[in-house]
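J.: Please find protein38.cif (mmCIF, C-alpha atoms and all ligand atoms) on the next line:
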data_structure
#
loop_
_atom_site.label_atom_id
_atom_site.label_comp_id
_atom_site.auth_asym_id
_atom_site.auth_seq_id
_atom_site.Cartn_x
_atom_site.Cartn_y
_atom_site.Cartn_z
CA MET E 1 70.32 -110.90 -32.77
CA SER E 2 67.63 -113.15 -34.26
CA ALA E 3 64.02 -111.94 -34.33
CA PRO E 4 62.67 -111.58 -30.78
CA ASP E 5 60.08 -114.04 -29.51
CA LEU E 6 56.82 -112.12 -29.24
CA THR E 7 54.53 -115.04 -28.44
CA VAL E 8 52.38 -114.86 -25.32
CA ARG E 9 49.85 -117.10 -23.67
CA ILE E 10 46.49 -116.17 -22.13
CA GLY E 11 45.36 -119.33 -20.37
CA ALA E 12 45.22 -122.03 -23.05
CA MET E 13 45.16 -119.41 -25.82
CA SER E 14 48.55 -118.80 -27.42
CA MET E 15 49.01 -115.58 -29.41
CA LYS E 16 51.71 -114.79 -31.97
CA ASN E 17 52.27 -111.40 -30.37
CA PRO E 18 50.91 -109.38 -27.42
CA VAL E 19 48.94 -106.78 -29.41
CA MET E 20 45.17 -107.07 -29.24
CA LEU E 21 42.32 -104.80 -30.34
CA ALA E 22 40.05 -103.78 -27.43
CA SER E 23 36.37 -104.66 -27.40
CA GLY E 24 33.98 -102.18 -28.98
CA VAL E 25 36.30 -100.11 -31.13
CA PHE E 26 36.65 -102.76 -33.86
CA GLY E 27 32.95 -103.72 -33.91
CA TYR E 28 32.74 -107.29 -35.17
CA GLY E 29 35.55 -106.60 -37.63
CA ASP E 30 33.39 -106.44 -40.75
CA GLU E 31 33.48 -102.63 -41.00
CA PHE E 32 37.30 -102.61 -40.94
CA GLU E 33 37.88 -105.01 -43.81
CA GLY E 34 40.66 -103.83 -46.10
CA LEU E 35 41.85 -101.00 -43.81
CA ALA E 36 44.85 -102.92 -42.40
CA PRO E 37 46.03 -106.56 -42.21
CA TYR E 38 44.41 -107.26 -38.82
CA GLY E 39 45.35 -110.95 -39.01
CA GLU E 40 48.91 -109.87 -38.12
CA LEU E 41 47.82 -108.80 -34.62
CA GLY E 42 47.76 -111.20 -31.67
CA ALA E 43 43.99 -111.20 -31.12
CA LEU E 44 40.82 -109.31 -32.02
CA VAL E 45 38.34 -108.75 -29.20
CA LEU E 46 34.91 -108.21 -30.73
CA LYS E 47 32.13 -105.85 -29.60
CA THR E 48 30.36 -107.03 -26.44
CA ILE E 49 27.26 -109.09 -27.18
CA THR E 50 24.24 -109.92 -25.06
CA LYS E 51 21.77 -112.80 -25.34
CA ASP E 52 19.21 -110.62 -27.15
CA PRO E 53 19.96 -107.73 -29.53
CA ARG E 54 20.09 -104.24 -27.97
CA PRO E 55 19.49 -100.87 -29.68
CA GLY E 56 21.88 -98.99 -27.36
CA ASN E 57 21.50 -95.32 -26.42
CA PRO E 58 20.08 -92.69 -28.85
CA PRO E 59 22.67 -92.45 -31.67
CA ALA E 60 22.64 -88.64 -31.91
CA SER E 61 24.77 -88.09 -28.81
CA ARG E 62 26.74 -91.17 -27.84
CA THR E 63 30.21 -89.65 -27.84
CA ALA E 64 31.89 -86.40 -26.83
CA GLU E 65 35.46 -85.32 -27.47
CA THR E 66 37.46 -84.29 -24.40
CA PRO E 67 41.06 -83.14 -23.89
CA SER E 68 43.21 -86.13 -24.90
CA GLY E 69 40.29 -88.49 -24.96
CA MET E 70 36.62 -89.11 -25.54
CA VAL E 71 33.57 -89.94 -23.45
CA ASN E 72 31.21 -92.53 -24.84
CA ALA E 73 27.89 -94.01 -23.86
CA ILE E 74 27.00 -96.42 -26.64
CA GLY E 75 24.86 -98.48 -24.28
CA LEU E 76 25.98 -101.91 -25.49
CA GLU E 77 24.27 -101.73 -28.87
CA ASN E 78 24.76 -105.19 -30.36
CA VAL E 79 23.23 -107.72 -32.72
CA GLY E 80 22.60 -110.37 -30.06
CA LEU E 81 24.02 -113.85 -29.72
CA GLU E 82 22.18 -115.56 -32.56
CA ALA E 83 23.05 -113.03 -35.29
CA PHE E 84 26.61 -112.81 -33.91
CA LEU E 85 27.15 -116.54 -34.39
CA ARG E 86 25.40 -116.65 -37.77
CA ASP E 87 26.47 -113.39 -39.46
CA LYS E 88 29.43 -111.86 -37.66
CA LEU E 89 31.76 -114.50 -36.29
CA PRO E 90 32.64 -116.15 -39.65
CA ALA E 91 33.88 -112.80 -41.03
CA ALA E 92 35.96 -112.10 -37.92
CA ARG E 93 37.50 -115.59 -38.15
CA ALA E 94 38.50 -114.88 -41.74
CA TYR E 95 41.18 -112.43 -40.49
CA GLY E 96 43.17 -115.52 -39.51
CA THR E 97 44.14 -114.65 -35.95
CA ARG E 98 42.76 -115.26 -32.47
CA VAL E 99 39.19 -114.08 -31.99
CA VAL E 100 37.80 -113.26 -28.55
CA ALA E 101 34.06 -112.88 -27.96
CA SER E 102 32.99 -110.38 -25.30
CA ILE E 103 29.81 -111.03 -23.36
CA ALA E 104 27.55 -109.11 -20.97
CA GLY E 105 24.17 -109.54 -19.34
CA ASP E 106 21.74 -108.21 -16.75
CA THR E 107 22.19 -111.17 -14.41
CA PRO E 108 24.91 -113.78 -13.75
CA GLU E 109 22.59 -116.30 -15.47
CA ASP E 110 22.54 -114.14 -18.63
CA PHE E 111 26.35 -114.21 -18.75
CA ALA E 112 26.39 -118.00 -18.24
CA ALA E 113 23.78 -118.52 -20.98
CA CYS E 114 25.94 -116.54 -23.45
CA ALA E 115 29.00 -118.55 -22.46
CA ARG E 116 27.13 -121.85 -22.92
CA ALA E 117 26.07 -120.79 -26.41
CA LEU E 118 29.69 -119.86 -27.24
CA ALA E 119 31.19 -123.01 -25.71
CA SER E 120 31.15 -124.87 -29.02
CA ALA E 121 31.59 -121.77 -31.25
CA ALA E 122 34.78 -120.87 -33.09
CA VAL E 123 36.02 -118.34 -30.57
CA ASP E 124 39.43 -118.73 -28.94
CA ALA E 125 38.48 -117.10 -25.64
CA ILE E 126 35.62 -115.30 -23.92
CA GLU E 127 35.96 -111.88 -22.32
CA ILE E 128 33.47 -111.24 -19.53
CA ASN E 129 32.50 -107.57 -19.61
CA ILE E 130 31.58 -106.86 -16.00
CA SER E 131 32.68 -103.28 -16.44
CA CYS E 132 30.44 -101.44 -18.90
CA PRO E 133 29.54 -98.07 -17.36
CA ASN E 134 26.88 -97.28 -19.95
CA VAL E 135 24.00 -99.61 -19.20
CA LYS E 136 21.23 -99.26 -16.65
CA GLN E 137 21.43 -102.82 -15.30
CA GLY E 138 24.20 -105.39 -15.07
CA GLY E 139 27.49 -104.15 -16.50
CA MET E 140 29.53 -102.22 -14.00
CA ALA E 141 27.08 -103.07 -11.22
CA PHE E 142 28.87 -106.43 -11.00
CA GLY E 143 32.37 -105.15 -11.58
CA VAL E 144 32.45 -102.58 -8.80
CA ASP E 145 32.16 -105.31 -6.22
CA ALA E 146 34.56 -108.23 -5.68
CA ALA E 147 31.79 -110.66 -4.70
CA GLY E 148 29.57 -109.62 -7.63
CA SER E 149 32.49 -110.01 -10.07
CA ALA E 150 33.33 -113.44 -8.69
CA GLU E 151 29.73 -114.61 -8.94
CA VAL E 152 29.59 -113.76 -12.65
CA VAL E 153 32.99 -115.31 -13.38
CA ALA E 154 32.17 -118.52 -11.47
CA GLY E 155 28.88 -118.89 -13.38
CA VAL E 156 30.63 -118.47 -16.73
CA ARG E 157 33.43 -120.80 -15.63
CA SER E 158 30.95 -123.60 -14.99
CA ALA E 159 29.37 -123.01 -18.43
CA THR E 160 32.48 -123.32 -20.60
CA GLY E 161 36.02 -124.68 -20.79
CA LYS E 162 37.18 -121.79 -23.01
CA PRO E 163 39.87 -119.43 -21.73
CA LEU E 164 38.14 -116.69 -19.73
CA ILE E 165 39.21 -113.06 -19.47
CA ALA E 166 37.54 -110.92 -16.78
CA LYS E 167 37.39 -107.31 -17.99
CA LEU E 168 37.37 -105.03 -14.99
CA THR E 169 36.25 -101.48 -14.38
CA PRO E 170 38.79 -98.99 -13.04
CA ASN E 171 36.01 -97.38 -10.99
CA VAL E 172 36.79 -99.22 -7.75
CA THR E 173 38.70 -98.47 -4.58
CA ASP E 174 40.83 -101.62 -4.57
CA ILE E 175 41.51 -103.12 -7.99
CA ALA E 176 43.74 -105.84 -6.51
CA GLU E 177 40.83 -107.19 -4.46
CA VAL E 178 38.52 -107.45 -7.49
CA ALA E 179 41.25 -109.02 -9.67
CA SER E 180 42.04 -111.61 -6.98
CA ALA E 181 38.35 -112.48 -6.58
CA CYS E 182 38.08 -113.08 -10.34
CA GLU E 183 41.20 -115.26 -10.30
CA ARG E 184 39.78 -117.39 -7.46
CA ALA E 185 36.48 -117.70 -9.35
CA GLY E 186 38.26 -119.27 -12.32
CA ALA E 187 39.31 -116.44 -14.67
CA ASP E 188 42.36 -117.24 -16.83
CA ALA E 189 43.26 -113.57 -17.27
CA ILE E 190 42.32 -110.06 -16.19
CA ALA E 191 41.75 -107.23 -18.70
CA LEU E 192 42.25 -103.72 -17.39
CA THR E 193 40.87 -101.17 -17.85
CA ASN E 194 37.46 -100.38 -19.22
CA THR E 195 36.53 -96.69 -19.34
CA PHE E 196 36.49 -94.29 -16.39
CA SER E 197 33.06 -92.94 -15.40
CA ALA E 198 32.76 -89.40 -16.74
CA MET E 199 30.41 -86.56 -17.62
CA VAL E 200 30.46 -83.63 -20.05
CA ILE E 201 28.01 -80.69 -19.74
CA ASP E 202 27.08 -78.10 -22.35
CA VAL E 203 27.00 -74.92 -20.28
CA GLU E 204 24.75 -72.91 -22.64
CA SER E 205 21.93 -75.46 -22.60
CA ARG E 206 22.96 -76.70 -19.13
CA ARG E 207 22.38 -80.20 -20.44
CA PRO E 208 24.72 -83.17 -20.47
CA VAL E 209 26.22 -83.68 -23.93
CA LEU E 210 25.53 -87.42 -23.89
CA ALA E 211 21.98 -88.69 -24.23
CA ALA E 212 22.71 -91.09 -21.39
CA ASN E 213 23.87 -88.09 -19.26
CA THR E 214 27.07 -89.86 -18.20
CA GLY E 215 29.52 -92.14 -19.96
CA GLY E 216 33.02 -93.58 -19.92
CA LEU E 217 36.30 -91.76 -20.61
CA SER E 218 38.93 -93.41 -22.83
CA GLY E 219 42.08 -92.35 -24.67
CA PRO E 220 45.45 -90.93 -23.57
CA ALA E 221 43.77 -88.98 -20.72
CA ILE E 222 43.31 -92.23 -18.76
CA ARG E 223 46.66 -93.88 -19.51
CA PRO E 224 48.64 -93.15 -16.32
CA ALA E 225 45.63 -94.12 -14.20
CA ALA E 226 45.24 -97.35 -16.19
CA VAL E 227 48.95 -98.19 -15.88
CA TYR E 228 48.63 -97.71 -12.11
CA ARG E 229 45.77 -100.20 -11.93
CA VAL E 230 47.55 -102.76 -14.10
CA PHE E 231 50.61 -102.45 -11.85
CA HIS E 232 48.56 -103.18 -8.71
CA ALA E 233 46.43 -105.94 -10.25
CA ALA E 234 49.44 -107.73 -11.74
CA ARG E 235 51.09 -107.88 -8.31
CA ALA E 236 47.95 -109.39 -6.79
CA VAL E 237 47.34 -112.28 -9.22
CA GLN E 238 49.26 -115.14 -10.83
CA ILE E 239 47.22 -115.09 -14.05
CA PRO E 240 48.11 -112.80 -16.97
CA VAL E 241 46.88 -109.21 -17.09
CA ILE E 242 45.94 -107.57 -20.40
CA GLY E 243 46.63 -103.84 -20.18
CA MET E 244 44.80 -101.07 -22.02
CA GLY E 245 43.84 -97.43 -21.71
CA GLY E 246 45.05 -94.74 -24.11
CA ILE E 247 47.70 -96.77 -25.91
CA TRP E 248 48.72 -94.71 -28.95
CA ASN E 249 52.22 -96.01 -29.68
CA ALA E 250 54.77 -98.64 -28.65
CA GLN E 251 56.11 -96.58 -25.77
CA ASP E 252 52.63 -96.46 -24.26
CA ALA E 253 52.26 -100.22 -24.68
CA LEU E 254 55.67 -100.85 -23.12
CA GLU E 255 54.66 -98.87 -20.03
CA PHE E 256 51.82 -101.36 -19.48
CA ILE E 257 54.12 -104.34 -20.11
CA LEU E 258 56.75 -103.04 -17.67
CA ALA E 259 53.96 -102.50 -15.13
CA GLY E 260 53.02 -106.18 -15.43
CA ALA E 261 50.82 -106.65 -18.51
CA THR E 262 51.44 -109.85 -20.49
CA ALA E 263 49.50 -108.47 -23.45
CA ILE E 264 48.05 -105.07 -24.35
CA ALA E 265 45.03 -103.82 -26.28
CA VAL E 266 44.62 -100.81 -28.53
CA GLY E 267 41.23 -99.07 -28.29
CA THR E 268 40.36 -95.45 -29.06
CA ALA E 269 43.60 -95.00 -31.07
CA LEU E 270 42.04 -97.14 -33.79
CA TYR E 271 39.67 -94.26 -34.61
CA ALA E 272 42.63 -91.98 -35.30
CA ASP E 273 44.68 -94.60 -37.12
CA PRO E 274 43.25 -97.94 -38.28
CA ALA E 275 46.81 -99.30 -38.29
CA ALA E 276 47.59 -98.16 -34.71
CA GLY E 277 47.96 -101.77 -33.55
CA HIS E 278 50.46 -102.49 -36.31
CA ARG E 279 52.52 -99.40 -35.38
CA VAL E 280 52.52 -100.50 -31.75
CA LEU E 281 53.61 -104.02 -32.71
CA ALA E 282 56.45 -102.79 -34.92
CA GLY E 283 57.65 -100.44 -32.17
CA ILE E 284 57.65 -103.20 -29.53
CA ARG E 285 59.71 -105.39 -31.87
CA ASP E 286 62.22 -102.54 -32.43
CA TYR E 287 62.49 -101.93 -28.68
CA LEU E 288 63.28 -105.59 -27.99
CA VAL E 289 65.96 -105.63 -30.68
CA ARG E 290 67.44 -102.32 -29.49
CA HIS E 291 67.63 -103.55 -25.89
CA GLU E 292 68.75 -107.06 -26.92
CA ILE E 293 65.81 -108.71 -25.18
CA ALA E 294 65.18 -112.12 -26.76
CA CYS E 295 61.70 -112.67 -25.45
CA ILE E 296 58.79 -110.32 -24.65
CA ALA E 297 58.00 -112.42 -21.56
CA ASP E 298 61.29 -111.25 -20.01
CA LEU E 299 60.00 -107.69 -20.02
CA VAL E 300 56.67 -108.30 -18.28
CA GLY E 301 56.57 -106.57 -14.88
CA SER E 302 60.23 -105.62 -15.07
CA VAL E 303 59.78 -101.97 -14.05
CA ARG E 304 62.71 -100.94 -11.83
CA LEU E 305 61.04 -99.31 -8.85
CA HIS E 306 62.69 -96.62 -6.76
CA ASP E 307 63.47 -97.69 -3.20
C1 LIG B 401 33.33 -96.30 -28.56
C2 LIG B 401 33.77 -97.32 -27.55
C3 LIG B 401 33.04 -98.50 -27.39
C4 LIG B 401 33.44 -99.45 -26.47
N1 LIG B 401 32.73 -100.62 -26.35
C5 LIG B 401 33.14 -101.57 -25.48
C6 LIG B 401 32.47 -102.82 -25.39
O1 LIG B 401 31.50 -103.11 -26.12
N2 LIG B 401 32.93 -103.72 -24.48
C7 LIG B 401 34.01 -103.48 -23.67
O2 LIG B 401 34.39 -104.36 -22.88
N3 LIG B 401 34.70 -102.31 -23.76
C8 LIG B 401 34.28 -101.37 -24.63
N4 LIG B 401 34.99 -100.19 -24.72
C9 LIG B 401 36.16 -99.96 -23.86
C10 LIG B 401 37.47 -100.31 -24.56
O3 LIG B 401 37.50 -101.68 -24.92
C11 LIG B 401 38.68 -100.00 -23.66
O4 LIG B 401 38.62 -100.82 -22.52
C12 LIG B 401 38.73 -98.54 -23.21
O5 LIG B 401 38.27 -97.68 -24.21
C13 LIG B 401 40.14 -98.11 -22.78
O6 LIG B 401 41.07 -98.23 -23.83
P1 LIG B 401 41.43 -97.01 -24.85
O7 LIG B 401 41.68 -95.80 -24.01
O8 LIG B 401 42.63 -97.48 -25.60
O9 LIG B 401 40.22 -96.83 -25.74
C14 LIG B 401 34.60 -99.22 -25.66
C15 LIG B 401 35.33 -98.03 -25.83
C16 LIG B 401 34.94 -97.10 -26.76
C17 LIG B 401 35.77 -95.84 -26.93
#
Could you take the file, read its structure, and then write that structure out as structure tokens?
T.:
Amino acid sequence: MSAPDLTVRIGAMSMKNPVMLASGVFGYGDEFEGLAPYGELGALVLKTITKDPRPGNPPASRTAETPSGMVNAIGLENVGLEAFLRDKLPAARAYGTRVVASIAGDTPEDFAACARALASAAVDAIEINISCPNVKQGGMAFGVDAAGSAEVVAGVRSATGKPLIAKLTPNVTDIAEVASACERAGADAIALTNTFSAMVIDVESRRPVLAANTGGLSGPAIRPAAVYRVFHAARAVQIPVIGMGGIWNAQDALEFILAGATAIAVGTALYADPAAGHRVLAGIRDYLVRHEIACIADLVGSVRLHD
């Protein structure tokens, strides 16, 4: 069998393979230089930026380890739009693969302003982070509600012609409803999931471990719950779904693809292994060869359900 076709398409953005790096864990890419050939991956989603720089939550206690995962509350620390365009984006572009900017804001207008500023920038797509659990305003406040999500997406849609990815929170009752609302508002793809709202308490001091008191759970602990949401969202929309949540190896990634994900993103695993995305990619390729599947697209959503 000749080499399988791994190419995928997210709106107008074509990717050489379905493996992406999730927003936040790769920063803007500059701190990872030399650790692995990241240009071989399908796309790099950079840390969420806001119009103005943000300091984030107090650095001393932003993360806590948990069984098979971690809870974080970084609080959207970022350099702001201007410094991102001037100092960070050129270095990320130098990896030589697709680059996705992630944006957030306190109001739908903030999101649209970011998108307008990125409309002529060298980014291949824009991810709309309506799902950050670790900020006091904006963030998840939009994503937990179908109408709020749609309002943000529609505002961004009217600000730019770039491919748009709506990144959703898993912390909702009906993920299919929110995904459908984003599709109707003009999103080209859905990314699922961001972290699950969580809390860790130190029983001796009786104080929350995180400075922000609560945070978001990521890592293998969330994987089955994330696969479940991808499965339901993918059945509700026509646009591609990008699956993530605790992907550590190719088998994990394939679960998301079988559930309906067109592409997948590696997040927390990158902290354990900077080449986690490369391992996942190699394993997906092996699986396709072993099962004589010519094209990754043939696998998407092909889970064989019990009656
Ligand atoms: C330390 C950390 C920072 C993150 N920062 C962002 C962010 O800036 N924007 C965003 O959309 N998601 C952010 N995420 C969420 C991840 O992109 C991803 O959706 C989530 O962690 C689930 O995938 P994983 O279990 O593979 O990490 C962050 C996650 C972690 C662990």
J.: Assuming 5 Å of padding per side, give the centre and edge lengths of the axis-aligned box around every listed atom of region 181-197 of chain E, in Å to one decimal and as AutoDock Vina command-line options.
T.:
--center_x 38.2 --center_y -106.1 --center_z -13.0 --size_x 20.2 --size_y 36.3 --size_z 22.8
J.: Using all atoms listed in the file for the distances, tell me which of E:Thr268, E:Thr97, E:Ser61, E:Thr160 is nearest to ligand LIG 401 (chain B).
T.: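 Selected residue with least distance to ligand LIG 401 (chain B): E:Thr268.
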J.: So, with all atoms listed in the file as the atoms that count, which of E:Val19, E:Val8, E:Pro133, E:Arg229 lies closest to Leu254 (chain E)?
T.: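 Nearest candidate to Leu254 (chain E) out of E:Val19, E:Val8, E:Pro133, E:Arg229: E:Val19.
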J.: Under the rule that only C-alpha atoms and all ligand atoms are counted, which of E:Val99, E:Val266, E:Leu168, E:Val79 is the nearest residue to ligand LIG 401 (chain B)?
T.: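 Distance minimum relative to ligand LIG 401 (chain B) lands on E:Val266.
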J.: Pick out the residues no farther than 8 Å from ligand LIG 401 (chain B), counting all atoms listed in the file, and list them as number ranges by chain.
T.: E: 21-25, 27, 46-49, 63, 69-74, 76-77, 102, 127-132, 167, 192-195, 216-223, 244-248, 265-269
J.: Near Ala297 (chain E), counting all atoms listed in the file, which residues have an atom at most 9 Å away, once you skip same-chain residues fewer than 5 positions from it, shown as a list in words?
T.: Asp5, Leu6, Thr7, Val8 and Thr262 of chain E
J.: Put those residues in a file: C-alpha atoms, as an mmCIF file, in the coordinates of the input.
T.:
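Result file follows (again.cif):
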data_model
loop_
_atom_site.group_PDB
_atom_site.id
_atom_site.type_symbol
_atom_site.label_atom_id
_atom_site.label_comp_id
_atom_site.auth_asym_id
_atom_site.auth_seq_id
_atom_site.Cartn_x
_atom_site.Cartn_y
_atom_site.Cartn_z
ATOM 1 C CA ASP E 5 60.080 -114.040 -29.510
ATOM 2 C CA LEU E 6 56.820 -112.120 -29.240
ATOM 3 C CA THR E 7 54.530 -115.040 -28.440
ATOM 4 C CA VAL E 8 52.380 -114.860 -25.320
ATOM 5 C CA THR E 262 51.440 -109.850 -20.490
#
J.: Kindly give the distance, in Å, that separates CA of Ala276 (chain E) and CA of Ala253 (chain E), rounded to a single decimal.
T.: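 Computing it gives 11.3 Å between the two atoms.
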J.: CA of Gly11 (chain E) to CA of Asp188 (chain E): how many Å, to one decimal?
T.: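 Computing it gives 5.1 Å between the two atoms.
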J.: What separation in Å, quoted to one decimal, exists between CA of Thr66 (chain E) and CA of Tyr228 (chain E)?
T.: 21.4 Å
